[in-house]
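Asker: Data file entry33.csv (CSV, C-alpha atoms) is appended below.
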chain,number,residue,atom,x,y,z
P,1,MET,CA,-17.5,-12.0,-1.8
P,2,ASN,CA,-15.9,-15.4,-1.0
P,3,THR,CA,-16.8,-17.0,2.2
P,4,ILE,CA,-13.7,-18.9,3.4
P,5,GLN,CA,-14.6,-18.9,7.1
P,6,LYS,CA,-18.3,-19.9,6.8
P,7,SER,CA,-19.1,-22.9,8.8
P,8,ASP,CA,-21.8,-24.4,6.7
P,9,LYS,CA,-20.3,-27.6,5.4
P,10,SER,CA,-22.8,-28.1,2.6
P,11,ASN,CA,-20.9,-25.9,0.1
P,12,ILE,CA,-17.3,-26.9,0.9
P,13,TYR,CA,-15.5,-27.7,-2.3
P,14,SER,CA,-13.3,-30.7,-3.0
P,15,LEU,CA,-10.3,-29.9,-5.0
P,16,ARG,CA,-9.0,-33.4,-5.1
P,17,SER,CA,-9.5,-33.8,-8.9
P,18,PHE,CA,-8.0,-30.4,-9.6
P,19,HIS,CA,-4.7,-30.1,-11.5
P,20,ILE,CA,-2.7,-26.9,-11.0
P,21,LEU,CA,0.3,-26.1,-13.1
P,22,MET,CA,2.6,-23.9,-11.1
P,23,VAL,CA,5.3,-21.9,-12.8
P,24,GLU,CA,8.0,-20.6,-10.4
P,25,ASP,CA,11.7,-20.4,-10.7
P,26,TYR,CA,12.7,-20.3,-7.1
P,27,GLU,CA,12.8,-23.8,-5.6
P,28,PHE,CA,12.1,-22.8,-2.1
P,29,MET,CA,8.9,-21.0,-3.2
P,30,GLN,CA,8.0,-24.0,-5.3
P,31,GLN,CA,8.0,-26.1,-2.1
P,32,LEU,CA,6.2,-23.5,-0.1
P,33,THR,CA,3.4,-22.9,-2.6
P,34,SER,CA,2.9,-26.6,-3.5
P,35,GLY,CA,2.7,-27.3,0.2
P,36,MET,CA,-0.1,-24.8,0.5
P,37,LEU,CA,-1.9,-26.2,-2.5
P,38,LYS,CA,-1.7,-29.7,-1.1
P,39,ALA,CA,-3.1,-28.3,2.2
P,40,PHE,CA,-6.1,-27.2,0.2
P,41,GLY,CA,-6.5,-30.8,-1.0
P,42,ILE,CA,-5.5,-30.2,-4.6
P,43,GLY,CA,-4.8,-33.6,-6.1
P,44,ASN,CA,-2.4,-32.8,-8.9
P,45,ILE,CA,0.3,-30.2,-9.0
P,46,THR,CA,2.8,-29.9,-11.8
P,47,ILE,CA,5.8,-27.6,-11.3
P,48,CYS,CA,7.6,-25.8,-14.1
P,49,ASN,CA,10.7,-23.7,-13.5
P,50,ASN,CA,10.0,-21.1,-16.1
P,51,GLY,CA,7.6,-20.0,-18.9
P,52,GLN,CA,9.3,-22.1,-21.5
P,53,GLU,CA,8.9,-25.3,-19.5
P,54,ALA,CA,5.3,-24.4,-18.9
P,55,ARG,CA,4.6,-23.9,-22.6
P,56,ASP,CA,6.1,-27.3,-23.4
P,57,THR,CA,4.1,-28.9,-20.6
P,58,LEU,CA,0.8,-27.3,-21.6
P,59,SER,CA,1.4,-28.3,-25.3
P,60,MET,CA,2.2,-31.8,-24.2
P,61,MET,CA,-1.0,-32.0,-22.1
P,62,ALA,CA,-3.1,-30.6,-24.9
P,63,ASN,CA,-1.8,-33.2,-27.3
P,64,ALA,CA,-2.1,-36.2,-25.0
P,65,PRO,CA,-5.5,-37.8,-25.8
P,66,HIS,CA,-6.2,-39.0,-22.3
P,67,GLY,CA,-3.7,-37.0,-20.3
P,68,LYS,CA,-4.6,-34.8,-17.4
P,69,ARG,CA,-4.9,-31.2,-18.4
P,70,ALA,CA,-4.2,-28.4,-16.1
P,71,ASP,CA,-7.3,-26.7,-14.7
P,72,ILE,CA,-5.5,-23.5,-13.5
P,73,VAL,CA,-2.1,-22.0,-14.2
P,74,LEU,CA,-0.4,-20.3,-11.3
P,75,THR,CA,2.5,-18.3,-12.5
P,76,ASP,CA,5.2,-16.1,-11.1
P,77,TRP,CA,5.7,-12.8,-12.9
P,78,LEU,CA,9.5,-12.3,-13.0
P,79,MET,CA,11.5,-15.4,-14.1
P,80,PRO,CA,14.5,-16.0,-16.2
P,81,GLY,CA,13.9,-18.3,-19.2
P,82,GLY,CA,10.4,-17.1,-20.0
P,83,ASN,CA,8.6,-14.8,-17.6
P,84,GLY,CA,4.9,-14.7,-16.6
P,85,PRO,CA,3.7,-12.0,-19.0
P,86,GLU,CA,5.2,-13.9,-22.0
P,87,LEU,CA,3.6,-17.1,-20.8
P,88,ILE,CA,0.2,-15.6,-20.4
P,89,LYS,CA,0.4,-14.0,-23.8
P,90,TRP,CA,1.3,-17.3,-25.3
P,91,ILE,CA,-1.6,-19.0,-23.6
P,92,ARG,CA,-4.1,-16.4,-24.7
P,93,ASN,CA,-2.9,-16.4,-28.3
P,94,HIS,CA,-2.9,-20.2,-28.6
P,95,LYS,CA,-5.1,-21.8,-31.2
P,96,ASN,CA,-6.2,-24.7,-29.0
P,97,ASP,CA,-9.2,-23.9,-26.8
P,98,SER,CA,-8.0,-26.1,-24.0
P,99,ILE,CA,-4.9,-23.9,-23.6
P,100,ARG,CA,-6.4,-20.5,-24.6
P,101,PHE,CA,-9.2,-20.5,-22.0
P,102,ILE,CA,-7.3,-21.8,-19.1
P,103,PRO,CA,-7.6,-19.7,-16.0
P,104,VAL,CA,-4.4,-18.0,-14.9
P,105,ILE,CA,-3.5,-16.6,-11.5
P,106,MET,CA,-0.4,-14.4,-11.6
P,107,PHE,CA,1.5,-14.1,-8.4
P,108,SER,CA,4.3,-11.7,-7.9
P,109,ALA,CA,6.5,-10.0,-5.4
P,110,PHE,CA,5.9,-6.8,-7.4
P,111,ALA,CA,3.2,-4.9,-5.5
P,112,SER,CA,2.7,-2.0,-7.8
P,113,GLU,CA,-0.7,-1.2,-9.3
P,114,ASP,CA,1.0,-1.1,-12.7
P,115,THR,CA,2.0,-4.8,-12.4
P,116,VAL,CA,-1.5,-5.8,-11.4
P,117,LYS,CA,-2.9,-3.8,-14.4
P,118,ALA,CA,-0.3,-5.3,-16.7
P,119,ALA,CA,-1.3,-8.8,-15.5
P,120,ARG,CA,-5.0,-8.0,-16.2
P,121,ASP,CA,-4.2,-6.6,-19.6
P,122,THR,CA,-2.1,-9.5,-20.6
P,123,GLY,CA,-5.0,-11.8,-19.9
P,124,ALA,CA,-4.6,-13.1,-16.3
P,125,ASN,CA,-7.8,-13.9,-14.5
P,126,GLU,CA,-6.4,-13.1,-11.0
P,127,ALA,CA,-3.4,-11.3,-9.6
P,128,LEU,CA,-2.0,-12.2,-6.2
P,129,VAL,CA,0.7,-10.0,-4.6
P,130,LYS,CA,3.1,-11.9,-2.4
P,131,PRO,CA,3.7,-12.7,0.4
P,132,LEU,CA,1.4,-15.7,0.2
P,133,SER,CA,-1.1,-16.6,2.9
P,134,GLY,CA,-3.6,-19.4,3.0
P,135,GLU,CA,-6.5,-16.9,2.8
P,136,LYS,CA,-5.1,-14.9,-0.1
P,137,LEU,CA,-4.4,-18.0,-2.2
P,138,ALA,CA,-7.7,-19.6,-1.3
P,139,ARG,CA,-9.6,-16.4,-2.3
P,140,ARG,CA,-8.0,-16.3,-5.8
P,141,ILE,CA,-8.8,-20.0,-6.4
P,142,LEU,CA,-12.4,-19.5,-5.1
P,143,SER,CA,-12.8,-16.5,-7.3
P,144,ILE,CA,-11.8,-18.6,-10.4
P,145,ILE,CA,-14.3,-21.3,-9.4
P,146,ASP,CA,-17.2,-19.0,-8.3
P,147,PHE,CA,-16.9,-15.9,-10.4
P,148,PRO,CA,-15.6,-16.9,-13.8
P,149,ARG,CA,-15.8,-13.9,-16.2
P,150,PRO,CA,-16.7,-14.3,-19.9
P,151,PHE,CA,-13.7,-14.2,-22.3
P,152,ILE,CA,-13.6,-11.2,-24.6
P,153,LYS,CA,-11.9,-11.2,-28.0
P,154,SER,CA,-11.4,-7.7,-29.3
P,155,PRO,CA,-8.9,-6.5,-32.0
P,156,ASP,CA,-6.2,-5.9,-29.3
P,157,PHE,CA,-7.1,-8.2,-26.4
P,158,PHE,CA,-8.1,-11.7,-25.7
P,159,GLY,CA,-8.8,-12.8,-22.1
P,160,PRO,CA,-11.2,-12.7,-19.3
P,161,ASP,CA,-13.4,-9.6,-19.2
P,162,ARG,CA,-11.4,-6.9,-17.5
P,163,ARG,CA,-14.5,-5.4,-16.0
P,164,ARG,CA,-15.5,-7.1,-12.8
P,165,LYS,CA,-18.4,-4.8,-12.0
P,166,ARG,CA,-21.8,-5.3,-13.7
P,167,ASN,CA,-22.8,-1.6,-13.3
P,168,PRO,CA,-22.7,0.5,-16.5
P,169,TYR,CA,-19.4,2.3,-16.7
P,170,ARG,CA,-19.5,5.9,-17.9
P,171,GLY,CA,-15.8,6.8,-18.0
P,172,ALA,CA,-14.0,8.1,-21.1
P,173,ASP,CA,-12.3,4.8,-21.7
P,174,ARG,CA,-15.6,2.8,-21.7
P,175,ARG,CA,-16.1,0.3,-24.3
P,176,LYS,CA,-17.7,1.9,-27.4
P,177,ILE,CA,-18.8,-0.6,-30.0
P,178,ASN,CA,-21.7,-1.1,-32.3
P,179,PRO,CA,-23.9,-3.9,-31.0
P,180,ASN,CA,-23.8,-5.4,-34.5
P,181,ASP,CA,-20.2,-6.0,-34.1
P,182,ILE,CA,-20.7,-8.2,-31.1
P,183,THR,CA,-20.8,-12.0,-31.4
P,184,VAL,CA,-21.8,-14.0,-28.3
P,185,HIS,CA,-20.7,-17.6,-28.1
P,186,ASN,CA,-22.6,-19.6,-25.5
P,187,GLU,CA,-21.1,-23.0,-24.7
R,1,MET,CA,-10.4,-27.1,-31.0
R,2,ASN,CA,-10.7,-23.5,-32.2
R,3,SER,CA,-13.9,-21.7,-31.3
R,4,PHE,CA,-13.1,-18.3,-32.9
R,5,SER,CA,-15.3,-16.9,-35.6
R,6,ASP,CA,-13.6,-16.3,-38.9
R,7,ASP,CA,-16.4,-14.3,-40.6
R,8,LYS,CA,-16.2,-11.2,-38.5
R,9,ASP,CA,-14.4,-7.9,-39.2
R,10,PRO,CA,-11.2,-8.5,-37.3
R,11,ASP,CA,-10.7,-4.7,-36.9
R,12,ASN,CA,-13.9,-4.0,-35.1
R,13,GLY,CA,-15.6,-7.2,-34.1
R,14,ILE,CA,-16.0,-8.2,-30.4
R,15,GLU,CA,-16.6,-11.8,-29.5
R,16,ILE,CA,-17.8,-12.8,-26.1
R,17,PHE,CA,-17.4,-16.3,-24.9
R,18,GLN,CA,-19.7,-17.5,-22.2
R,19,ARG,CA,-18.3,-20.9,-21.1
R,20,ILE,CA,-19.7,-23.6,-18.9
R,21,ASN,CA,-18.2,-23.4,-15.4
R,22,VAL,CA,-16.6,-26.8,-15.5
R,23,LEU,CA,-14.4,-26.0,-12.5
R,24,LYS,CA,-17.4,-25.4,-10.3
R,25,LEU,CA,-18.8,-28.8,-11.3
R,26,LYS,CA,-15.4,-30.4,-10.8
R,27,ALA,CA,-15.2,-28.9,-7.3
R,28,GLY,CA,-18.6,-30.5,-6.5
R,29,GLY,CA,-20.8,-27.5,-6.9
R,30,GLY,CA,-23.8,-27.0,-9.1
R,31,LEU,CA,-23.9,-24.3,-11.8
R,32,LYS,CA,-26.6,-22.4,-10.0
R,33,ASP,CA,-25.3,-22.9,-6.5
R,34,ALA,CA,-24.2,-20.0,-4.3
R,35,PRO,CA,-20.4,-19.5,-3.9
R,36,GLY,CA,-18.7,-22.2,-2.0
R,37,GLN,CA,-15.7,-22.3,0.2
R,38,LEU,CA,-12.6,-24.3,1.1
R,39,ALA,CA,-12.7,-26.2,4.3
R,40,PRO,CA,-11.5,-23.7,6.9
R,41,GLN,CA,-9.1,-26.2,8.3
R,42,SER,CA,-7.4,-26.5,5.0
R,43,VAL,CA,-6.8,-22.8,4.9
R,44,LYS,CA,-5.3,-23.0,8.4
R,45,ASN,CA,-3.2,-25.9,7.3
R,46,ALA,CA,-1.9,-23.8,4.4
R,47,ASP,CA,-0.8,-21.1,6.8
R,48,THR,CA,0.9,-23.8,8.9
R,49,VAL,CA,3.0,-24.8,5.9
R,50,VAL,CA,4.3,-21.2,5.8
R,51,THR,CA,4.9,-21.2,9.6
R,52,SER,CA,6.7,-24.5,9.5
R,53,MET,CA,8.9,-23.4,6.6
R,54,ALA,CA,9.9,-20.2,8.5
R,55,THR,CA,12.4,-22.3,10.5
R,56,LEU,CA,14.3,-22.8,7.2
R,57,TYR,CA,14.6,-19.0,6.6
R,58,PRO,CA,18.0,-18.4,8.1
R,59,LYS,CA,19.8,-21.1,6.1
R,60,GLU,CA,17.9,-20.3,2.9
R,61,ILE,CA,18.6,-16.5,3.1
R,62,GLU,CA,22.3,-17.2,3.8
R,63,ASN,CA,22.4,-19.5,0.7
R,64,ILE,CA,20.8,-16.9,-1.5
R,65,LEU,CA,23.0,-14.1,-0.2
R,66,ASN,CA,26.0,-16.2,-1.1
R,67,VAL,CA,24.5,-16.6,-4.6
R,68,LEU,CA,24.2,-12.8,-4.8
R,69,ASN,CA,27.8,-12.4,-3.6
R,70,THR,CA,29.0,-14.7,-6.4
R,71,GLU,CA,27.0,-12.9,-9.1
R,72,TRP,CA,28.2,-9.6,-7.7
R,73,GLU,CA,31.9,-10.6,-7.7
R,74,THR,CA,31.5,-11.8,-11.3
R,75,VAL,CA,30.0,-8.6,-12.6
R,76,LYS,CA,32.7,-6.6,-10.8
R,77,THR,CA,35.5,-8.4,-12.5
R,78,MET,CA,33.9,-8.5,-16.0
R,79,PRO,CA,35.5,-6.4,-18.6
R,80,ASP,CA,33.6,-3.3,-19.7
R,81,THR,CA,33.2,-4.7,-23.2
R,82,ALA,CA,31.2,-7.7,-21.9
R,83,ASP,CA,27.5,-7.8,-22.0
R,84,LYS,CA,26.7,-6.9,-18.4
R,85,ALA,CA,22.9,-6.5,-19.0
R,86,ALA,CA,22.2,-10.2,-18.7
R,87,LEU,CA,24.1,-10.5,-15.4
R,88,ALA,CA,22.3,-7.4,-14.1
R,89,GLU,CA,19.0,-9.1,-14.9
R,90,LYS,CA,20.2,-12.2,-13.0
R,91,ILE,CA,21.2,-10.1,-10.0
R,92,SER,CA,17.8,-8.3,-10.1
R,93,ASN,CA,16.1,-11.7,-10.1
R,94,THR,CA,18.2,-12.9,-7.1
R,95,ALA,CA,17.4,-9.7,-5.3
R,96,ASN,CA,13.7,-10.3,-6.1
R,97,GLN,CA,14.0,-13.8,-4.6
R,98,ILE,CA,15.5,-12.3,-1.4
R,99,LYS,CA,12.6,-9.9,-1.2
R,100,ASP,CA,10.1,-12.7,-1.8
R,101,LEU,CA,11.6,-14.9,0.8
R,102,ALA,CA,12.1,-12.2,3.4
R,103,GLU,CA,8.6,-10.8,3.0
R,104,THR,CA,7.0,-14.2,3.3
R,105,PHE,CA,8.5,-14.7,6.7
R,106,GLY,CA,8.1,-11.1,7.9
R,107,TYR,CA,11.7,-9.9,7.5
R,108,SER,CA,10.7,-6.5,6.2
R,109,LEU,CA,14.1,-4.9,6.5
R,110,MET,CA,15.7,-7.5,4.3
R,111,ALA,CA,12.7,-7.3,1.9
R,112,HIS,CA,13.2,-3.5,1.7
R,113,PHE,CA,16.9,-4.0,0.6
R,114,GLY,CA,15.9,-6.8,-1.8
R,115,THR,CA,13.4,-4.5,-3.5
R,116,SER,CA,15.8,-1.6,-3.6
R,117,LEU,CA,18.6,-3.7,-5.2
R,118,ARG,CA,16.1,-5.4,-7.6
R,119,ASP,CA,14.9,-2.1,-9.0
R,120,TYR,CA,18.2,-0.2,-8.8
R,121,ILE,CA,20.5,-2.7,-10.5
R,122,LEU,CA,18.5,-2.6,-13.8
R,123,LYS,CA,18.9,1.2,-13.9
R,124,THR,CA,22.6,1.0,-13.1
R,125,ASP,CA,25.4,1.6,-15.5
R,126,LEU,CA,27.7,-1.4,-14.6
R,127,SER,CA,30.6,0.1,-16.4
R,128,CYS,CA,30.5,3.1,-14.0
R,129,LYS,CA,32.6,2.5,-10.9
R,130,GLU,CA,30.6,4.8,-8.8
R,131,HIS,CA,27.5,2.8,-9.4
R,132,PHE,CA,29.3,-0.3,-8.0
R,133,ILE,CA,29.5,1.5,-4.6
R,134,ILE,CA,25.7,1.6,-4.5
R,135,GLY,CA,25.3,-2.1,-5.3
R,136,GLN,CA,28.0,-3.0,-2.8
R,137,ALA,CA,26.2,-0.9,-0.1
R,138,HIS,CA,23.0,-2.9,-0.7
R,139,ILE,CA,24.9,-6.2,-0.3
R,140,ASN,CA,26.8,-5.1,2.8
R,141,VAL,CA,23.6,-4.0,4.6
R,142,MET,CA,21.8,-7.2,3.7
R,143,TRP,CA,24.6,-9.2,5.3
R,144,VAL,CA,24.4,-7.0,8.4
R,145,ALA,CA,20.6,-7.5,8.5
R,146,PHE,CA,21.1,-11.2,8.2
R,147,ARG,CA,23.9,-11.5,10.8
R,148,LYS,CA,22.1,-9.4,13.4
R,149,ASN,CA,18.8,-11.1,12.6
R,150,LEU,CA,17.1,-7.7,12.1
R,151,LYS,CA,13.5,-8.2,11.2
R,152,ASP,CA,11.5,-5.0,11.0
R,153,ASP,CA,12.3,-2.0,8.8
R,154,ASP,CA,10.3,0.5,10.9
R,155,GLY,CA,12.1,1.8,13.9
R,156,GLY,CA,15.2,0.5,15.5
R,157,ALA,CA,18.4,2.5,15.4
R,158,VAL,CA,20.4,-0.1,13.5
R,159,ALA,CA,17.7,-0.6,10.8
R,160,GLU,CA,17.5,3.1,10.3
R,161,GLU,CA,21.3,3.4,10.1
R,162,LEU,CA,21.5,0.7,7.4
R,163,LYS,CA,18.7,2.3,5.4
R,164,GLU,CA,20.5,5.6,5.7
R,165,MET,CA,23.7,4.0,4.4
R,166,VAL,CA,22.0,2.9,1.2
R,167,ARG,CA,20.1,6.2,0.8
R,168,THR,CA,23.4,8.1,1.1
R,169,ALA,CA,25.2,5.9,-1.4
R,170,ILE,CA,22.4,6.3,-3.9
R,171,GLU,CA,22.3,10.1,-3.5
R,172,LYS,CA,26.0,10.5,-3.6
R,173,TYR,CA,26.9,8.2,-6.5
R,174,SER,CA,23.8,8.1,-8.7
As a first step, turn the structure in this file into structure tokens.
Answerer:
Amino acid sequence: MNTIQKSDKSNIYSLRSFHILMVEDYEFMQQLTSGMLKAFGIGNITICNNGQEARDTLSMMANAPHGKRADIVLTDWLMPGGNGPELIKWIRNHKNDSIRFIPVIMFSAFASEDTVKAARDTGANEALVKPLSGEKLARRILSIIDFPRPFIKSPDFFGPDRRRKRNPYRGADRRKINPNDITVHNE
Amino acid sequence: MNSFSDDKDPDNGIEIFQRINVLKLKAGGGLKDAPGQLAPQSVKNADTVVTSMATLYPKEIENILNVLNTEWETVKTMPDTADKAALAEKISNTANQIKDLAETFGYSLMAHFGTSLRDYILKTDLSCKEHFIIGQAHINVMWVAFRKNLKDDDGGAVAEELKEMVRTAIEKYS
């Protein structure tokens, strides 16, 4: 549980050195969202108009030896010229670790459970259904900072662990694997 | 650059990557610290950004409705042989932007019509004249909602009447 309203000042984060790459095709929403991110104190915001621009920007950042890399990608779902799911798949399939492991928040005006599941299965860390509010956006960013999930590579998926709960899951679609087939990489 | 294992069976192997939480460190926290927070005032300030931009809504929604009009007139006059799917996708995207904008500022009736058009247009056969009536009904009621500054989609005789117009058009011409 994130604690946005707690008054204890000792654990207040500073996001001044954070760099967020926002991908949104609608200029008005670009202004609104970047205004909110600035209100959080986020120091660097790069805006891309679509998925293709975001790919080019992320590639350029990864190749620049001393360039500022994005810490979080915040992407819209439906966009002409490269949509959110395509972008997330590209990120998760990338060979470069600095791109492949980047946390992604998907934000969308599509409120259906299917969209949220699709975002999760594509490899998004968080899904945020619009309309935006300060608290909703803050919670997703805090979740990325405070509750990062390990990344899982399976034959048909790469991305943050889709299970958030730590309790054993007994459902029919539970993960069934031989422990010998698991490799754990600790950084 | 690439931390994946190459020596595992790609058909069955699972790899788990436990990474150092660099963002927590970057935000000023320690790796073992309890969850932190954003300054409450900064969250309030973010909401103030939304509130202050609400004054721009009427002009912005008018602009985007004009964009929708232009796209709609284009698709109406396109020959049947033309590829209308791309334009339908564009209209759907514009309708989604209307929904997005309207919902952000609490205009739930406009958001309702934006959602309806966004989803409907992609299922529509744009070479079928009857289906145009449904699209036109959406656009007409959006303009009425804008001109009368109707906000809520629950209650209100005019809002209900507009929703009924779209429902009837869908039932009759689908």
Asker: I need the residue nearest Phe110 in chain P from this list: P:Arg139, P:Arg55, P:Lys130, P:Arg162. Use all atoms listed in the file for the distance.
Answerer: P:Lys130
Asker: Would you give me, as a PyMOL selection string, the residues of chain P that come within 6 Å of chain R, using only C-alpha atoms?
Answerer: chain P and resi 3-5+11-15+36+39-40+95-97+109+131+133-134+145-146+150-155+181-187
Asker: Counting only C-alpha atoms, find residues at most 8 Å from (2.2, -28.9, -15.0) (file frame) and give them as a PyMOL selection string.
Answerer: chain P and resi 19-23+45-48+54+57-58+70
Asker: Please measure the separation of CA of Asn44 in chain P and CA of Gly159 in chain P, giving the value in Å to one decimal.
Answerer: 24.8 Å
Asker: Enter the distance from CA of Lys59 in chain R to CA of Leu78 in chain P, in Å, rounded to one decimal.
Answerer: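 Between these atoms lies a distance of 23.4 Å.
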Asker: Could you check the closest approach to Asn63 in chain P for each of P:Ile99, P:Ala119, P:Ile105, P:Leu87 and tell me which residue wins, using all atoms listed in the file?
Answerer: P:Ile99
Asker: Write out as a list in words the residues lying within 10 Å of Ala137 in chain R, counting all atoms listed in the file and excluding same-chain residues fewer than 5 positions away.
Answerer: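 Residues meeting the cut-off are Phe113, Leu117, Phe132, Met142, Leu162, Lys163, Met165, Val166, Arg167, Thr168, Ala169 and Ile170 of chain R.
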Asker: Would you list the contacts of Ala127 in chain P as a list in words, taking every protein, DNA or RNA residue within 8 Å and counting all atoms listed in the file, but skipping same-chain residues closer than 4 positions in sequence?
Answerer: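 Using all atoms listed in the file, the neighbours found are Ile105, Met106, Phe107, Ser108, Val116, Ala119, Arg120 and Arg140 of chain P.
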Asker: Rounded to one decimal place, report the CA of Ile121 in chain R-CA of Asn69 in chain R distance in Å.
Answerer: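 Separation of CA of Ile121 in chain R and CA of Asn69 in chain R: 14.0 Å.
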Asker: Which is closest to Pro148 in chain P among P:Pro65, P:Gly41, P:Gly51, P:Pro103, if we use only C-alpha atoms?
Answerer: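 Ranking P:Pro65, P:Gly41, P:Gly51, P:Pro103 by distance to Pro148 in chain P, first place goes to P:Pro103.
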Asker: If we count all atoms listed in the file, what is near Ala85 in chain R at a cut-off of 10 Å, once residues fewer than 2 positions away on the same chain are taken out, given as a list in words?
Answerer: Val75, Ala82, Asp83, Leu87, Ala88, Glu89, Lys90, Ile91, Ile121, Leu122, Thr124, Asp125 and Leu126 of chain R
Asker: Could you complete range 126-137 of chain R so that it carries N, CA, C and O atoms, and give it back as a compact mmCIF listing (two decimals), in the coordinates of the input?
Answerer:
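This is the output file result-v8.txt:
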# COMPACT_ATOMS: atom_id res chain seq x y z
N LEU R 126 26.67 -0.50 -15.27
CA LEU R 126 27.70 -1.40 -14.60
C LEU R 126 29.08 -1.15 -15.13
O LEU R 126 30.00 -1.84 -14.71
N SER R 127 29.24 -0.22 -16.02
CA SER R 127 30.60 0.10 -16.40
C SER R 127 31.08 1.36 -15.61
O SER R 127 32.22 1.78 -15.70
N CYS R 128 30.18 1.90 -14.80
CA CYS R 128 30.50 3.10 -14.00
C CYS R 128 30.88 2.65 -12.58
O CYS R 128 30.07 2.06 -11.86
N LYS R 129 32.12 2.94 -12.21
CA LYS R 129 32.60 2.50 -10.90
C LYS R 129 31.84 3.00 -9.74
O LYS R 129 31.66 2.31 -8.74
N GLU R 130 31.36 4.23 -9.88
CA GLU R 130 30.60 4.80 -8.80
C GLU R 130 29.32 4.03 -8.49
O GLU R 130 28.90 3.87 -7.34
N HIS R 131 28.73 3.52 -9.55
CA HIS R 131 27.50 2.80 -9.40
C HIS R 131 27.72 1.46 -8.63
O HIS R 131 26.82 0.93 -7.99
N PHE R 132 28.93 0.95 -8.73
CA PHE R 132 29.30 -0.30 -8.00
C PHE R 132 29.17 -0.04 -6.48
O PHE R 132 28.83 -0.94 -5.72
N ILE R 133 29.48 1.18 -6.09
CA ILE R 133 29.50 1.50 -4.60
C ILE R 133 28.03 1.33 -4.12
O ILE R 133 27.82 0.83 -3.00
N ILE R 134 27.08 1.72 -4.94
CA ILE R 134 25.70 1.60 -4.50
C ILE R 134 25.27 0.13 -4.39
O ILE R 134 24.65 -0.29 -3.41
N GLY R 135 25.65 -0.65 -5.39
CA GLY R 135 25.30 -2.10 -5.30
C GLY R 135 26.00 -2.74 -4.14
O GLY R 135 25.36 -3.52 -3.42
N GLN R 136 27.26 -2.38 -3.91
CA GLN R 136 28.00 -3.00 -2.80
C GLN R 136 27.36 -2.57 -1.45
O GLN R 136 27.27 -3.39 -0.52
N ALA R 137 26.87 -1.33 -1.37
CA ALA R 137 26.20 -0.90 -0.10
C ALA R 137 24.98 -1.75 0.16
O ALA R 137 24.74 -2.14 1.31
